[in-house]
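Text of the file run.cif, holding mmCIF, C-alpha atoms:
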```cif
data_coords
loop_
_atom_site.group_PDB
_atom_site.id
_atom_site.type_symbol
_atom_site.label_atom_id
_atom_site.label_comp_id
_atom_site.auth_asym_id
_atom_site.auth_seq_id
_atom_site.Cartn_x
_atom_site.Cartn_y
_atom_site.Cartn_z
ATOM 1 C CA MET X 1 125.810 89.445 104.035
ATOM 2 C CA LYS X 2 123.629 92.426 103.298
ATOM 3 C CA THR X 3 120.288 93.682 104.538
ATOM 4 C CA THR X 4 117.797 95.881 102.775
ATOM 5 C CA LYS X 5 116.640 99.208 104.187
ATOM 6 C CA THR X 6 113.265 97.687 105.131
ATOM 7 C CA ASP X 7 114.941 94.948 107.189
ATOM 8 C CA LYS X 8 117.032 97.514 109.051
ATOM 9 C CA ILE X 9 113.943 99.642 109.758
ATOM 10 C CA MET X 10 112.101 96.512 110.927
ATOM 11 C CA MET X 11 114.910 95.532 113.304
ATOM 12 C CA GLY X 12 115.283 99.109 114.584
ATOM 13 C CA LEU X 13 111.562 99.448 115.203
ATOM 14 C CA GLY X 14 111.499 96.071 116.941
ATOM 15 C CA LEU X 15 114.341 97.096 119.206
ATOM 16 C CA VAL X 16 112.691 100.435 120.046
ATOM 17 C CA LEU X 17 109.400 98.695 120.878
ATOM 18 C CA CYS X 18 111.159 96.176 123.143
ATOM 19 C CA ILE X 19 113.044 98.960 124.941
ATOM 20 C CA CYS X 20 109.807 100.973 125.326
ATOM 21 C CA ALA X 21 108.030 97.906 126.760
ATOM 22 C CA VAL X 22 110.800 97.278 129.289
ATOM 23 C CA ALA X 23 110.986 100.985 130.182
ATOM 24 C CA LEU X 24 107.211 101.172 130.689
ATOM 25 C CA LEU X 25 107.346 98.071 132.855
ATOM 26 C CA MET X 26 110.009 99.689 135.039
ATOM 27 C CA ILE X 27 108.604 103.246 135.198
ATOM 28 C CA SER X 28 104.835 102.978 135.092
ATOM 29 C CA GLU X 29 102.617 101.209 137.574
ATOM 30 C CA THR X 30 99.300 102.290 136.068
ATOM 31 C CA ILE X 31 99.616 100.931 132.521
ATOM 32 C CA ASP X 32 97.959 97.586 131.949
ATOM 33 C CA ILE X 33 100.428 94.675 131.657
ATOM 34 C CA VAL X 34 98.579 93.501 128.508
ATOM 35 C CA ILE X 35 99.557 96.705 126.664
ATOM 36 C CA ILE X 36 103.194 96.304 127.700
ATOM 37 C CA LEU X 37 103.129 92.660 126.679
ATOM 38 C CA ALA X 38 101.592 93.534 123.283
ATOM 39 C CA LEU X 39 104.340 96.152 122.746
ATOM 40 C CA PHE X 40 107.017 93.627 123.654
ATOM 41 C CA VAL X 41 105.586 90.899 121.398
ATOM 42 C CA ALA X 42 105.336 93.372 118.483
ATOM 43 C CA GLY X 43 108.960 94.335 119.095
ATOM 44 C CA VAL X 44 110.135 90.728 119.179
ATOM 45 C CA ILE X 45 108.217 89.978 115.956
ATOM 46 C CA GLY X 46 109.909 92.962 114.277
ATOM 47 C CA LEU X 47 113.331 91.821 115.443
ATOM 48 C CA ILE X 48 112.794 88.222 114.365
ATOM 49 C CA THR X 49 111.414 89.218 110.939
ATOM 50 C CA GLY X 50 114.291 91.579 110.195
ATOM 51 C CA PHE X 51 116.932 89.211 111.507
ATOM 52 C CA SER X 52 115.583 86.130 109.733
ATOM 53 C CA LYS X 53 115.744 88.006 106.406
ATOM 54 C CA TYR X 54 119.292 89.055 107.282
ATOM 55 C CA LEU X 55 120.271 85.444 107.956
ATOM 56 C CA GLY X 56 118.436 84.131 104.923
ATOM 57 C CA TYR X 57 120.001 86.615 102.518
ATOM 58 C CA ARG X 58 121.324 85.106 99.328
ATOM 59 C CA GLU X 59 122.702 86.491 96.103
ATOM 60 C CA GLY X 60 120.056 87.537 93.618
ATOM 61 C CA PRO X 61 116.574 88.945 94.037
ATOM 62 C CA ARG X 62 114.265 87.691 96.763
ATOM 63 C CA THR X 63 111.230 88.319 94.616
ATOM 64 C CA ASP X 64 110.539 88.437 90.930
ATOM 65 C CA GLU X 65 107.427 88.554 88.756
ATOM 66 C CA ARG X 66 106.656 84.858 89.392
ATOM 67 C CA THR X 67 106.841 85.064 93.185
ATOM 68 C CA ARG X 68 104.848 88.323 93.183
ATOM 69 C CA LYS X 69 102.185 86.612 91.073
ATOM 70 C CA LEU X 70 102.107 83.677 93.489
ATOM 71 C CA SER X 71 101.724 86.025 96.472
ATOM 72 C CA ALA X 72 98.877 87.830 94.698
ATOM 73 C CA PHE X 73 97.137 84.488 94.059
ATOM 74 C CA ALA X 74 97.622 83.471 97.698
ATOM 75 C CA THR X 75 96.188 86.786 98.919
ATOM 76 C CA THR X 76 93.168 86.452 96.622
ATOM 77 C CA HIS X 77 92.443 82.906 97.803
ATOM 78 C CA SER X 78 92.864 83.916 101.444
ATOM 79 C CA TRP X 79 90.482 86.868 100.946
ATOM 80 C CA PHE X 80 87.890 84.607 99.302
ATOM 81 C CA ILE X 81 88.033 81.971 102.045
ATOM 82 C CA THR X 82 87.633 84.670 104.699
ATOM 83 C CA PHE X 83 84.715 86.143 102.732
ATOM 84 C CA VAL X 84 82.993 82.739 102.648
ATOM 85 C CA LEU X 85 83.612 82.326 106.396
ATOM 86 C CA VAL X 86 82.066 85.737 107.162
ATOM 87 C CA ASN X 87 79.000 84.776 105.103
ATOM 88 C CA ILE X 88 78.667 81.444 106.902
ATOM 89 C CA LEU X 89 78.968 83.181 110.278
ATOM 90 C CA PHE X 90 76.337 85.700 109.223
ATOM 91 C CA LEU X 91 73.910 82.954 108.181
ATOM 92 C CA LEU X 92 74.553 80.960 111.365
ATOM 93 C CA ASP X 93 73.818 84.065 113.426
ATOM 94 C CA TYR X 94 70.760 84.966 111.342
ATOM 95 C CA PHE X 95 69.185 81.548 111.843
ATOM 96 C CA ASP X 96 70.213 81.457 115.520
ATOM 97 C CA ARG X 97 72.445 78.443 115.033
ATOM 98 C CA LEU X 98 75.485 79.907 116.748
ATOM 99 C CA LYS X 99 76.038 81.919 119.882
ATOM 100 C CA ILE X 100 79.356 83.663 119.616
ATOM 101 C CA THR X 101 80.705 86.999 120.886
ATOM 102 C CA VAL X 102 82.157 89.759 118.714
ATOM 103 C CA SER X 103 85.620 89.152 120.179
ATOM 104 C CA GLN X 104 85.398 85.465 119.312
ATOM 105 C CA ILE X 105 84.290 86.262 115.738
ATOM 106 C CA LEU X 106 87.131 88.766 115.289
ATOM 107 C CA GLY X 107 89.587 86.273 116.722
ATOM 108 C CA LEU X 108 88.310 83.544 114.395
ATOM 109 C CA ILE X 109 88.474 85.807 111.314
ATOM 110 C CA PHE X 110 91.957 87.005 112.264
ATOM 111 C CA PHE X 111 93.117 83.412 112.740
ATOM 112 C CA VAL X 112 91.574 82.188 109.464
ATOM 113 C CA MET X 113 92.989 85.150 107.504
ATOM 114 C CA LEU X 114 96.474 84.561 108.852
ATOM 115 C CA LEU X 115 96.357 80.791 108.464
ATOM 116 C CA THR X 116 94.957 80.798 104.922
ATOM 117 C CA MET X 117 97.394 83.509 103.834
ATOM 118 C CA VAL X 118 100.403 81.561 105.114
ATOM 119 C CA GLY X 119 98.966 78.239 103.923
ATOM 120 C CA MET X 120 98.196 79.490 100.416
ATOM 121 C CA ASN X 121 101.616 81.124 100.158
ATOM 122 C CA VAL X 122 103.319 77.866 101.111
ATOM 123 C CA TYR X 123 101.091 75.888 98.704
ATOM 124 C CA PHE X 124 101.738 78.142 95.703
ATOM 125 C CA LYS X 125 105.450 78.479 96.466
ATOM 126 C CA ARG X 126 105.747 74.678 96.555
ATOM 127 C CA LYS X 127 103.735 74.355 93.361
ATOM 128 C CA GLY X 128 105.913 77.023 91.779
ATOM 129 C CA TYR X 129 103.392 78.497 89.417
ATOM 130 C CA ALA X 130 99.773 79.611 89.297
ATOM 131 C CA GLU X 131 97.684 80.073 86.186
ATOM 132 C CA MET A 1 104.108 76.710 75.673
ATOM 133 C CA LYS A 2 107.464 75.127 74.932
ATOM 134 C CA THR A 3 110.764 76.842 75.430
ATOM 135 C CA ARG A 4 114.251 76.371 74.047
ATOM 136 C CA ILE A 5 115.938 78.134 76.971
ATOM 137 C CA LYS A 6 117.913 75.031 77.971
ATOM 138 C CA GLU A 7 119.222 74.563 74.444
ATOM 139 C CA PHE A 8 120.270 78.207 74.128
ATOM 140 C CA ARG A 9 121.818 78.186 77.597
ATOM 141 C CA ALA A 10 123.952 75.232 76.599
ATOM 142 C CA ARG A 11 124.962 77.040 73.421
ATOM 143 C CA TYR A 12 126.314 79.992 75.403
ATOM 144 C CA ASP A 13 127.517 77.843 78.306
ATOM 145 C CA LEU A 14 125.269 79.524 80.840
ATOM 146 C CA THR A 15 123.941 77.927 84.003
ATOM 147 C CA GLN A 16 120.408 78.559 85.248
ATOM 148 C CA GLU A 17 121.931 80.734 87.959
ATOM 149 C CA ASP A 18 123.879 82.788 85.380
ATOM 150 C CA LEU A 19 120.802 83.393 83.261
ATOM 151 C CA ALA A 20 118.705 84.223 86.338
ATOM 152 C CA LYS A 21 121.278 86.831 87.387
ATOM 153 C CA LYS A 22 121.399 88.291 83.872
ATOM 154 C CA VAL A 23 117.661 88.821 83.701
ATOM 155 C CA GLY A 24 117.165 89.641 87.405
ATOM 156 C CA VAL A 25 114.951 86.765 88.512
ATOM 157 C CA ARG A 26 115.281 83.838 90.908
ATOM 158 C CA ARG A 27 116.824 80.616 89.644
ATOM 159 C CA GLU A 28 113.573 78.759 90.373
ATOM 160 C CA THR A 29 111.809 80.984 87.846
ATOM 161 C CA ILE A 30 114.211 79.826 85.136
ATOM 162 C CA VAL A 31 113.543 76.213 86.212
ATOM 163 C CA PHE A 32 109.771 76.644 85.813
ATOM 164 C CA LEU A 33 110.236 78.481 82.519
ATOM 165 C CA GLU A 34 112.333 75.622 81.154
ATOM 166 C CA LYS A 35 109.700 73.112 82.239
ATOM 167 C CA GLY A 36 107.118 75.208 80.389
ATOM 168 C CA LYS A 37 105.050 75.559 83.556
ATOM 169 C CA TYR A 38 105.311 79.311 83.888
ATOM 170 C CA ASN A 39 104.377 81.849 81.228
ATOM 171 C CA PRO A 40 106.690 84.874 81.511
ATOM 172 C CA SER A 41 105.687 88.483 81.032
ATOM 173 C CA LEU A 42 106.602 90.097 77.736
ATOM 174 C CA ARG A 43 109.326 92.044 79.553
ATOM 175 C CA LEU A 44 110.929 88.885 80.969
ATOM 176 C CA ALA A 45 110.607 87.047 77.652
ATOM 177 C CA HIS A 46 112.339 89.983 75.970
ATOM 178 C CA ASP A 47 115.129 90.052 78.571
ATOM 179 C CA ILE A 48 115.703 86.303 78.269
ATOM 180 C CA ALA A 49 115.778 86.474 74.480
ATOM 181 C CA ARG A 50 118.301 89.308 74.680
ATOM 182 C CA ALA A 51 120.454 87.469 77.226
ATOM 183 C CA LEU A 52 120.474 84.444 74.917
ATOM 184 C CA LYS A 53 121.218 86.600 71.861
ATOM 185 C CA SER A 54 118.130 85.557 69.976
ATOM 186 C CA ARG A 55 114.515 86.517 69.287
ATOM 187 C CA ILE A 56 111.501 85.863 71.526
ATOM 188 C CA ASP A 57 109.834 83.590 68.953
ATOM 189 C CA GLU A 58 112.979 81.482 68.738
ATOM 190 C CA ILE A 59 113.013 80.871 72.486
ATOM 191 C CA PHE A 60 109.298 80.594 73.272
ATOM 192 C CA ILE A 61 107.210 78.380 71.036
ATOM 193 C CA PHE A 62 103.452 78.720 71.274
ATOM 194 C CA GLU A 63 101.334 75.802 70.159
ATOM 195 C CA ASP A 64 98.148 76.431 68.210
ATOM 196 C CA ASP A 65 95.807 74.612 70.629
ATOM 197 C CA GLU A 66 96.821 76.824 73.569
ATOM 198 C CA ASN A 67 94.445 79.558 74.735
#
```

Translate this file's structure into structure tokens.
Amino acid sequence: MKTTKTDKIMMGLGLVLCICAVALLMISETIDIVIILALFVAGVIGLITGFSKYLGYREGPRTDERTRKLSAFATTHSWFITFVLVNILFLLDYFDRLKITVSQILGLIFFVMLLTMVGMNVYFKRKGYAE
Amino acid sequence: MKTRIKEFRARYDLTQEDLAKKVGVRRETIVFLEKGKYNPSLRLAHDIARALKSRIDEIFIFEDDEN
């Protein structure tokens, strides 16, 4: 099996972040636990991403012009859905139909962006082509 | 768009995997090309034609009613 340079960097960075989080937890008493937890989660995500690509490595290219085109389509659709959501939220706020905090809006947008991006990617990859 | 990739592959005894490796794409891309569901770039069409020792217009057949 073989890993690309990006995967190795991803795993290395993940490991460093995890070590930093554990070190901060042991040394510092003033730093907020949320920051340490965020560092640790970021590290674990980096490790998992790099390692899953390492395990899933097969002969041949991972991407080609078709898969890149599909990803571009998925990104465009995700962007558009998020754009529509932002407009709806704006109108709801303008006409006083919704009481929601900034944090909640950001959380919702973040969630929708992530979900639609993954969802669209899965949809187009299953379909196999996009015209 | 119709393609004669399958026919030419058989002529040179190449599997989808072999052709995919030759032109540097995933095997699934060859599958969708053979089904006529994916339109390749000019570069990929050229590479496939070269791998199958023929011309682009022999491999990829455009029909008149297509946009």

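Among the candidate residues X:Ile31, X:Phe80, X:Thr6, X:Lys127, the one lying nearest to Thr67 (chain X) is X:Lys127, with distances computed using all atoms listed in the file.
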
Checklist entry - For the file shown, what are the residues hit by the PyMOL selection byres ((chain A) within 12 of (chain X)), laid out as JSON, numbers by chain? => result {"A": [17, 18, 19, 20, 21, 22, 23, 24, 25, 26, 27, 28, 29, 30, 31, 32, 33, 35, 36, 37, 38, 39, 40, 41, 42, 43, 44, 45, 67]}

Serialized selection, C-alpha atoms, as a PDB file, keeping the file's coordinate frame:
```
ATOM      1  CA  GLU A  17     121.931  80.734  87.959  1.00  0.00           C
ATOM      2  CA  ASP A  18     123.879  82.788  85.380  1.00  0.00           C
ATOM      3  CA  LEU A  19     120.802  83.393  83.261  1.00  0.00           C
ATOM      4  CA  ALA A  20     118.705  84.223  86.338  1.00  0.00           C
ATOM      5  CA  LYS A  21     121.278  86.831  87.387  1.00  0.00           C
ATOM      6  CA  LYS A  22     121.399  88.291  83.872  1.00  0.00           C
ATOM      7  CA  VAL A  23     117.661  88.821  83.701  1.00  0.00           C
ATOM      8  CA  GLY A  24     117.165  89.641  87.405  1.00  0.00           C
ATOM      9  CA  VAL A  25     114.951  86.765  88.512  1.00  0.00           C
ATOM     10  CA  ARG A  26     115.281  83.838  90.908  1.00  0.00           C
ATOM     11  CA  ARG A  27     116.824  80.616  89.644  1.00  0.00           C
ATOM     12  CA  GLU A  28     113.573  78.759  90.373  1.00  0.00           C
ATOM     13  CA  THR A  29     111.809  80.984  87.846  1.00  0.00           C
ATOM     14  CA  ILE A  30     114.211  79.826  85.136  1.00  0.00           C
ATOM     15  CA  VAL A  31     113.543  76.213  86.212  1.00  0.00           C
ATOM     16  CA  PHE A  32     109.771  76.644  85.813  1.00  0.00           C
ATOM     17  CA  LEU A  33     110.236  78.481  82.519  1.00  0.00           C
ATOM     18  CA  LYS A  35     109.700  73.112  82.239  1.00  0.00           C
ATOM     19  CA  GLY A  36     107.118  75.208  80.389  1.00  0.00           C
ATOM     20  CA  LYS A  37     105.050  75.559  83.556  1.00  0.00           C
ATOM     21  CA  TYR A  38     105.311  79.311  83.888  1.00  0.00           C
ATOM     22  CA  ASN A  39     104.377  81.849  81.228  1.00  0.00           C
ATOM     23  CA  PRO A  40     106.690  84.874  81.511  1.00  0.00           C
ATOM     24  CA  SER A  41     105.687  88.483  81.032  1.00  0.00           C
ATOM     25  CA  LEU A  42     106.602  90.097  77.736  1.00  0.00           C
ATOM     26  CA  ARG A  43     109.326  92.044  79.553  1.00  0.00           C
ATOM     27  CA  LEU A  44     110.929  88.885  80.969  1.00  0.00           C
ATOM     28  CA  ALA A  45     110.607  87.047  77.652  1.00  0.00           C
ATOM     29  CA  ASN A  67      94.445  79.558  74.735  1.00  0.00           C
TER      30      ASN A  67
END
```

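CA of Leu114 (chain X) is found 17.6 Å from CA of Ile48 (chain X).
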
Next on the checklist: Applying 8 Å and all atoms listed in the file, which residues near Ile59 (chain A) remain after dropping the ones on its own chain fewer than 4 positions away? List them as JSON, numbers by chain.
Outcome noted: {"A": [3, 4, 5, 8, 49, 54, 55]}

Checklist entry - Which residues match the PyMOL selection byres ((chain X and resi 40) around 10) in the file above, as an MDAnalysis selection string? => result chainID X and resid 14:22 34:39 41:46

Item to check | Gap from CA of Thr76 (chain X) to CA of Ile109 (chain X) - Å, one decimal | outcome: 15.4 Å

Checklist entry - For Met117 (chain X), which residue out of X:Asn87, X:Ser103, X:Ser52, X:Thr75 is the nearest one, using only C-alpha atoms? => result X:Thr75

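From CA of Lys125 (chain X) back to CA of Arg68 (chain X), the distance works out to 10.4 Å.
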
As AutoDock Vina command-line options: centre and edge lengths in Å, one decimal, of the axis-aligned box holding region 7-14 of chain X with 4 Å per side:
```
--center_x 114.3 --center_y 97.3 --center_z 112.1 --size_x 13.5 --size_y 12.7 --size_z 17.8
```
